Structures are given as structure tokens and as C-alpha cells.
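Below is model03.cif, which holds mmCIF, C-alpha atoms.
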data_structure
loop_
_atom_site.group_PDB
_atom_site.id
_atom_site.type_symbol
_atom_site.label_atom_id
_atom_site.label_comp_id
_atom_site.auth_asym_id
_atom_site.auth_seq_id
_atom_site.Cartn_x
_atom_site.Cartn_y
_atom_site.Cartn_z
ATOM 1 C CA MET A 1 65.869 107.180 51.170
ATOM 2 C CA ALA A 2 68.868 104.940 51.803
ATOM 3 C CA GLU A 3 68.618 102.385 54.574
ATOM 4 C CA VAL A 4 71.043 102.920 57.435
ATOM 5 C CA LYS A 5 72.746 99.793 58.701
ATOM 6 C CA GLN A 6 72.383 99.370 62.444
ATOM 7 C CA ASN A 7 75.430 99.048 64.631
ATOM 8 C CA VAL A 8 74.572 96.794 67.593
ATOM 9 C CA ILE A 9 76.268 97.600 70.892
ATOM 10 C CA VAL A 10 75.778 94.883 73.506
ATOM 11 C CA VAL A 11 75.632 96.136 77.086
ATOM 12 C CA LYS A 12 76.790 93.223 79.196
ATOM 13 C CA LEU A 13 76.054 92.492 82.843
ATOM 14 C CA GLY A 14 77.264 95.363 85.007
ATOM 15 C CA GLN A 15 78.116 97.649 82.067
ATOM 16 C CA ILE A 16 76.913 100.986 80.713
ATOM 17 C CA ALA A 17 76.951 102.376 77.167
ATOM 18 C CA TRP A 18 75.847 105.636 75.552
ATOM 19 C CA SER A 19 75.666 107.047 72.060
ATOM 20 C CA ASP A 20 74.558 109.923 69.871
ATOM 21 C CA ARG A 21 75.057 108.013 66.603
ATOM 22 C CA PRO A 22 71.722 107.376 64.821
ATOM 23 C CA GLU A 23 72.826 103.992 63.494
ATOM 24 C CA ASP A 24 73.511 102.576 66.969
ATOM 25 C CA LEU A 25 71.254 100.081 68.702
ATOM 26 C CA LEU A 26 71.967 99.396 72.371
ATOM 27 C CA VAL A 27 70.855 95.980 73.608
ATOM 28 C CA THR A 28 71.138 94.083 76.868
ATOM 29 C CA TYR A 29 70.291 90.421 77.230
ATOM 30 C CA SER A 30 69.422 88.132 80.113
ATOM 31 C CA LEU A 31 67.766 90.608 82.444
ATOM 32 C CA GLY A 32 66.638 88.435 85.324
ATOM 33 C CA SER A 33 66.972 90.079 88.719
ATOM 34 C CA CYS A 34 69.153 92.723 87.058
ATOM 35 C CA VAL A 35 67.555 95.941 85.828
ATOM 36 C CA GLY A 36 68.051 97.328 82.356
ATOM 37 C CA LEU A 37 67.817 101.113 82.394
ATOM 38 C CA VAL A 38 67.482 103.325 79.321
ATOM 39 C CA LEU A 39 68.017 107.077 79.510
ATOM 40 C CA TRP A 40 67.041 109.210 76.507
ATOM 41 C CA ASP A 41 67.345 112.903 75.594
ATOM 42 C CA PRO A 42 64.753 113.433 72.838
ATOM 43 C CA VAL A 43 66.140 116.811 71.755
ATOM 44 C CA GLU A 44 69.806 115.893 71.318
ATOM 45 C CA ARG A 45 68.971 112.241 70.537
ATOM 46 C CA VAL A 46 71.498 110.929 73.006
ATOM 47 C CA GLY A 47 70.712 107.587 74.587
ATOM 48 C CA GLY A 48 72.275 105.398 77.191
ATOM 49 C CA MET A 49 71.784 102.014 78.784
ATOM 50 C CA ALA A 50 72.847 100.411 82.054
ATOM 51 C CA HIS A 51 72.697 96.744 83.042
ATOM 52 C CA VAL A 52 72.391 97.146 86.826
ATOM 53 C CA PHE A 53 73.627 94.070 88.666
ATOM 54 C CA LEU A 54 73.395 95.179 92.309
ATOM 55 C CA PRO A 55 71.512 98.015 94.025
ATOM 56 C CA SER A 56 74.372 99.481 96.052
ATOM 57 C CA SER A 57 78.122 99.530 96.358
ATOM 58 C CA ASN A 58 77.566 99.893 100.130
ATOM 59 C CA GLY A 59 80.247 102.561 100.199
ATOM 60 C CA ARG A 60 82.979 100.175 99.143
ATOM 61 C CA ASN A 61 85.878 101.619 97.223
ATOM 62 C CA VAL A 62 85.589 100.261 93.709
ATOM 63 C CA SER A 63 89.189 100.243 92.539
ATOM 64 C CA ARG A 64 88.657 98.875 89.025
ATOM 65 C CA PRO A 65 86.721 101.254 86.742
ATOM 66 C CA GLU A 66 85.008 98.392 84.918
ATOM 67 C CA GLU A 67 83.386 97.308 88.214
ATOM 68 C CA ALA A 68 81.757 100.663 89.002
ATOM 69 C CA PRO A 69 78.763 100.484 86.612
ATOM 70 C CA ARG A 70 77.470 97.219 88.055
ATOM 71 C CA PHE A 71 76.118 99.099 91.097
ATOM 72 C CA ALA A 72 73.032 101.304 90.671
ATOM 73 C CA ASP A 73 74.372 103.990 93.018
ATOM 74 C CA ILE A 74 77.576 104.412 90.981
ATOM 75 C CA GLY A 75 76.605 103.295 87.474
ATOM 76 C CA ILE A 76 73.537 105.482 86.948
ATOM 77 C CA PRO A 77 75.209 108.793 87.887
ATOM 78 C CA LEU A 78 78.200 107.759 85.739
ATOM 79 C CA LEU A 79 75.889 107.090 82.773
ATOM 80 C CA ILE A 80 74.211 110.486 83.216
ATOM 81 C CA GLN A 81 77.622 112.167 83.304
ATOM 82 C CA ARG A 82 78.816 110.413 80.135
ATOM 83 C CA MET A 83 75.587 111.303 78.311
ATOM 84 C CA GLU A 84 75.950 114.952 79.326
ATOM 85 C CA ARG A 85 79.401 114.944 77.714
ATOM 86 C CA LYS A 86 77.634 113.945 74.463
ATOM 87 C CA GLY A 87 75.264 116.917 74.765
ATOM 88 C CA ALA A 88 72.362 115.432 76.723
ATOM 89 C CA SER A 89 70.642 117.589 79.330
ATOM 90 C CA ARG A 90 69.684 116.036 82.655
ATOM 91 C CA ARG A 91 66.499 118.169 82.605
ATOM 92 C CA ARG A 92 65.340 116.506 79.374
ATOM 93 C CA LEU A 93 66.218 112.909 80.211
ATOM 94 C CA VAL A 94 63.471 110.325 80.447
ATOM 95 C CA ALA A 95 63.913 106.781 81.732
ATOM 96 C CA ARG A 96 62.601 103.353 80.852
ATOM 97 C CA MET A 97 63.397 100.244 82.832
ATOM 98 C CA ALA A 98 62.947 96.489 82.618
ATOM 99 C CA GLY A 99 63.921 93.426 84.621
ATOM 100 C CA GLY A 100 64.026 93.112 88.376
ATOM 101 C CA ALA A 101 62.460 89.670 88.244
ATOM 102 C CA SER A 102 62.285 87.124 91.009
ATOM 103 C CA LEU A 103 63.363 84.096 89.022
ATOM 104 C CA PHE A 104 63.105 81.564 91.840
ATOM 105 C CA PRO A 105 60.379 82.882 94.165
ATOM 106 C CA GLY A 106 60.179 81.022 97.437
ATOM 107 C CA LEU A 107 63.210 78.867 96.707
ATOM 108 C CA PHE A 108 65.582 80.796 98.960
ATOM 109 C CA LYS A 109 63.417 82.230 101.732
ATOM 110 C CA GLU A 110 66.432 83.415 103.700
ATOM 111 C CA MET A 111 67.740 85.463 100.755
ATOM 112 C CA PRO A 112 66.360 88.915 99.957
ATOM 113 C CA ASP A 113 64.600 89.547 96.629
ATOM 114 C CA ILE A 114 67.498 91.153 94.761
ATOM 115 C CA GLY A 115 65.272 91.972 91.766
ATOM 116 C CA ALA A 116 62.950 94.088 93.910
ATOM 117 C CA GLN A 117 65.954 95.726 95.580
ATOM 118 C CA ASN A 118 67.438 96.616 92.187
ATOM 119 C CA VAL A 119 64.141 98.139 91.027
ATOM 120 C CA SER A 120 63.796 100.188 94.241
ATOM 121 C CA ALA A 121 67.369 101.445 93.994
ATOM 122 C CA VAL A 122 66.987 102.515 90.355
ATOM 123 C CA VAL A 123 63.677 104.286 91.081
ATOM 124 C CA GLU A 124 65.202 106.146 94.034
ATOM 125 C CA ILE A 125 68.302 107.248 92.121
ATOM 126 C CA LEU A 126 66.188 108.506 89.217
ATOM 127 C CA ARG A 127 63.982 110.394 91.702
ATOM 128 C CA LYS A 128 67.049 112.066 93.228
ATOM 129 C CA HIS A 129 68.122 113.177 89.739
ATOM 130 C CA SER A 130 64.555 114.302 88.840
ATOM 131 C CA ILE A 131 64.409 111.933 85.863
ATOM 132 C CA PRO A 132 60.888 110.680 85.158
ATOM 133 C CA ILE A 133 60.214 107.020 84.385
ATOM 134 C CA VAL A 134 58.034 106.966 81.254
ATOM 135 C CA GLY A 135 58.051 103.215 80.595
ATOM 136 C CA SER A 136 58.523 100.140 82.711
ATOM 137 C CA ASP A 137 58.330 96.352 82.562
ATOM 138 C CA VAL A 138 59.598 95.035 85.901
ATOM 139 C CA GLY A 139 58.973 92.184 88.297
ATOM 140 C CA GLY A 140 57.500 88.835 87.439
ATOM 141 C CA ASN A 141 59.506 85.637 87.247
ATOM 142 C CA TYR A 142 60.926 85.659 83.717
ATOM 143 C CA GLY A 143 63.905 87.063 81.850
ATOM 144 C CA ARG A 144 63.936 89.911 79.366
ATOM 145 C CA THR A 145 65.969 91.520 76.582
ATOM 146 C CA MET A 146 65.911 95.316 76.208
ATOM 147 C CA ARG A 147 66.735 97.393 73.098
ATOM 148 C CA LEU A 148 67.169 101.129 72.487
ATOM 149 C CA GLU A 149 67.257 102.618 68.982
ATOM 150 C CA ILE A 150 69.358 105.777 69.170
ATOM 151 C CA ARG A 151 67.763 107.273 66.016
ATOM 152 C CA THR A 152 64.267 107.341 67.545
ATOM 153 C CA GLY A 153 64.555 106.551 71.250
ATOM 154 C CA ARG A 154 62.251 103.577 70.680
ATOM 155 C CA THR A 155 62.720 101.107 73.516
ATOM 156 C CA THR A 156 61.472 97.544 73.347
ATOM 157 C CA VAL A 157 61.430 94.670 75.799
ATOM 158 C CA ALA A 158 61.217 91.046 74.727
ATOM 159 C CA THR A 159 60.348 88.394 77.280
ATOM 160 C CA ALA A 160 61.843 84.946 77.507
ATOM 161 C CA PHE A 161 58.522 83.742 76.044
ATOM 162 C CA GLY A 162 59.099 85.657 72.797
ATOM 163 C CA VAL A 163 56.631 88.481 73.481
ATOM 164 C CA GLU A 164 58.020 91.896 72.498
ATOM 165 C CA ARG A 165 56.508 95.282 73.266
ATOM 166 C CA GLU A 166 57.475 98.908 73.263
ATOM 167 C CA ILE A 167 57.775 100.660 76.603
#

Target encoding C-alpha cells, full file:
Amino acid sequence: MAEVKQNVIVVKLGQIAWSDRPEDLLVTYSLGSCVGLVLWDPVERVGGMAHVFLPSSNGRNVSRPEEAPRFADIGIPLLIQRMERKGASRRRLVARMAGGASLFPGLFKEMPDIGAQNVSAVVEILRKHSIPIVGSDVGGNYGRTMRLEIRTGRTTVATAFGVEREI
């Protein structure tokens, strides 16, 4: 069997990406307080990834389309919509998430824990869309990198310490 060359698609801070091409690998780096979210339809083999920067747009009008995905409340529904256009079914989607760290615990007592807020927002939005979370690596005080192989749906998380595991 011939080896298929992987096509790496980097999902940057506040972006979303989706694919149904088996050779694609979605990856997001530097997940600190941000949350990396993977959505996967195992039947149609459509996958998507979001790099959630903030939990809520707070109802603000986001005029530039490239800004919309950075907010959990806008970006996640947008990712679901784009994946459905590729043939994914919302009823079959499963989710995996990583990040939401508190990188400087106790340093800024007057500031809310944005990592925990991002995790809570993502969990709530997935609940509203009836999408189960089947894998998770959140919290702590370290960064992560998250990868999704479109061919298989395999999702891995590597910590800043070099430890990698499948979720």
C-alpha cells in the first residue's frame, strides 16, 4: 500500500478549520488558557478544529469575519455549520478538547481564570448542541499542542513537557 503524504493545516489562535480529505492533519499549537476543540464525524470522516481564544463575544457585533471564530459562542456553531456542508451530521459528531490551563495561578488574583471560563463555555455550547465529549485534557498549568488526523479521527495532545497521548 502506498504511503499518503500528510498535508498539515495549522489552526492559529482564534481560527477554525475543517476537512474531509484523508491526507489532512489539523494541528493547533500553544494552547495555554485557550481551548483546542476537535469535532469528528466517524461515518463521513469529516473533522474540524477550533482554537478558542475567549469564551463569549458578549453580544458584540463582530464585523470582521476572521474575528468571529475566536469566541466560543460564535466559532463553535460556525465550525459545526461548515462541517455539515462537508457532509457531517450533528447527530454523529463527537468532541475532544484540550487546553484551558491556568498558566500563572495566583499571579493575578483580581483577574478571572480565563482558561476555566473557556472550558466551561465550550462544554456548555457542546451540551446545547447535544455533542458528547469523548476525550479531554484540560486544566493544569502547562501548554499543549493538539493534532487531528482526518483519515482516522485520531486526536493527540502533546504537553509542553514532551508527553504525548491520545484522547

| request: Translate the PyMOL selection byres ((chain A and resi 75) around 12), as applied to the file shown, into an explicit residue set as a ChimeraX atom specification. | output: /A:13-17,35-37,48-57,62,65-74,76-82,121-122,125-126

| said: Quick check, in Å to one decimal: how far apart do CA of Asp24 in chain A and CA of Val123 in chain A lie? | reply: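 Atom-to-atom, CA of Asp24 in chain A and CA of Val123 in chain A are spaced 26.1 Å apart.
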
| query | How many Å lie between CA of Glu166 in chain A and CA of Glu149 in chain A, rounded to one decimal? | reply |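 Those two atoms sit 11.3 Å apart.
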
| field | Selection near Phe161 in chain A, 10 Å with all atoms listed in the file, sequence-local residues under 5 positions removed, as a list in words | value | Tyr142, Gly143 and Arg144 of chain A

| request: One decimal, Å: what's the distance from CA of Thr152 in chain A over to CA of Met83 in chain A, could you say? | output: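 Here the two named atoms are 16.1 Å from each other.
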
| Residues selected by the PyMOL selection byres ((chain A and resi 90) around 8), written as a PyMOL selection string | chain A and resi 80+84+88-89+91-93+129+131

| Top pick for closest residue to Glu44 in chain A, considering A:Ile150, A:Glu23, A:Thr156, A:Ala101 and counting only C-alpha atoms |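 Looking at the shortest contact to Glu44 in chain A, the residue is A:Ile150.
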
| query | Pick from A:Val94, A:Leu103, A:Leu148, A:Val134: nearest to Val11 in chain A, with all atoms listed in the file counted? | reply | A:Leu148

| message | Here's a test: counting all atoms listed in the file, identify every protein, DNA and RNA residue with an atom at most 9 Å from (77.5, 111.9, 70.3) in the file's coordinate frame, and state them as number ranges by chain. | response | A: 18-21, 44-46, 83, 85-88

| request: Output the residue selection produced by the PyMOL selection byres ((chain A and resi 138) around 7) on the file above, formatted as a ChimeraX atom specification. | output: /A:98-101,136-137,139-140

| said: Using all atoms listed in the file, can you tell me which of A:Ala116, A:Val157, A:Val10, A:Cys34 comes closest to Thr145 in chain A? | reply: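 Going through A:Ala116, A:Val157, A:Val10, A:Cys34 one by one, the smallest distance to Thr145 in chain A is for A:Val157.
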
| query | Hey, which of A:Ala95, A:Glu124, A:Thr159, A:Val8 ends up closest to Asp41 in chain A? Count all atoms listed in the file. | reply |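 Of the candidates, the smallest distance to Asp41 in chain A is held by A:Ala95.
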
| said: Considering all atoms listed in the file, can you say which of A:Leu31, A:Val43, A:Ile133, A:Ile167 comes closest to Arg154 in chain A? | reply: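 Closest candidate: A:Ile167.
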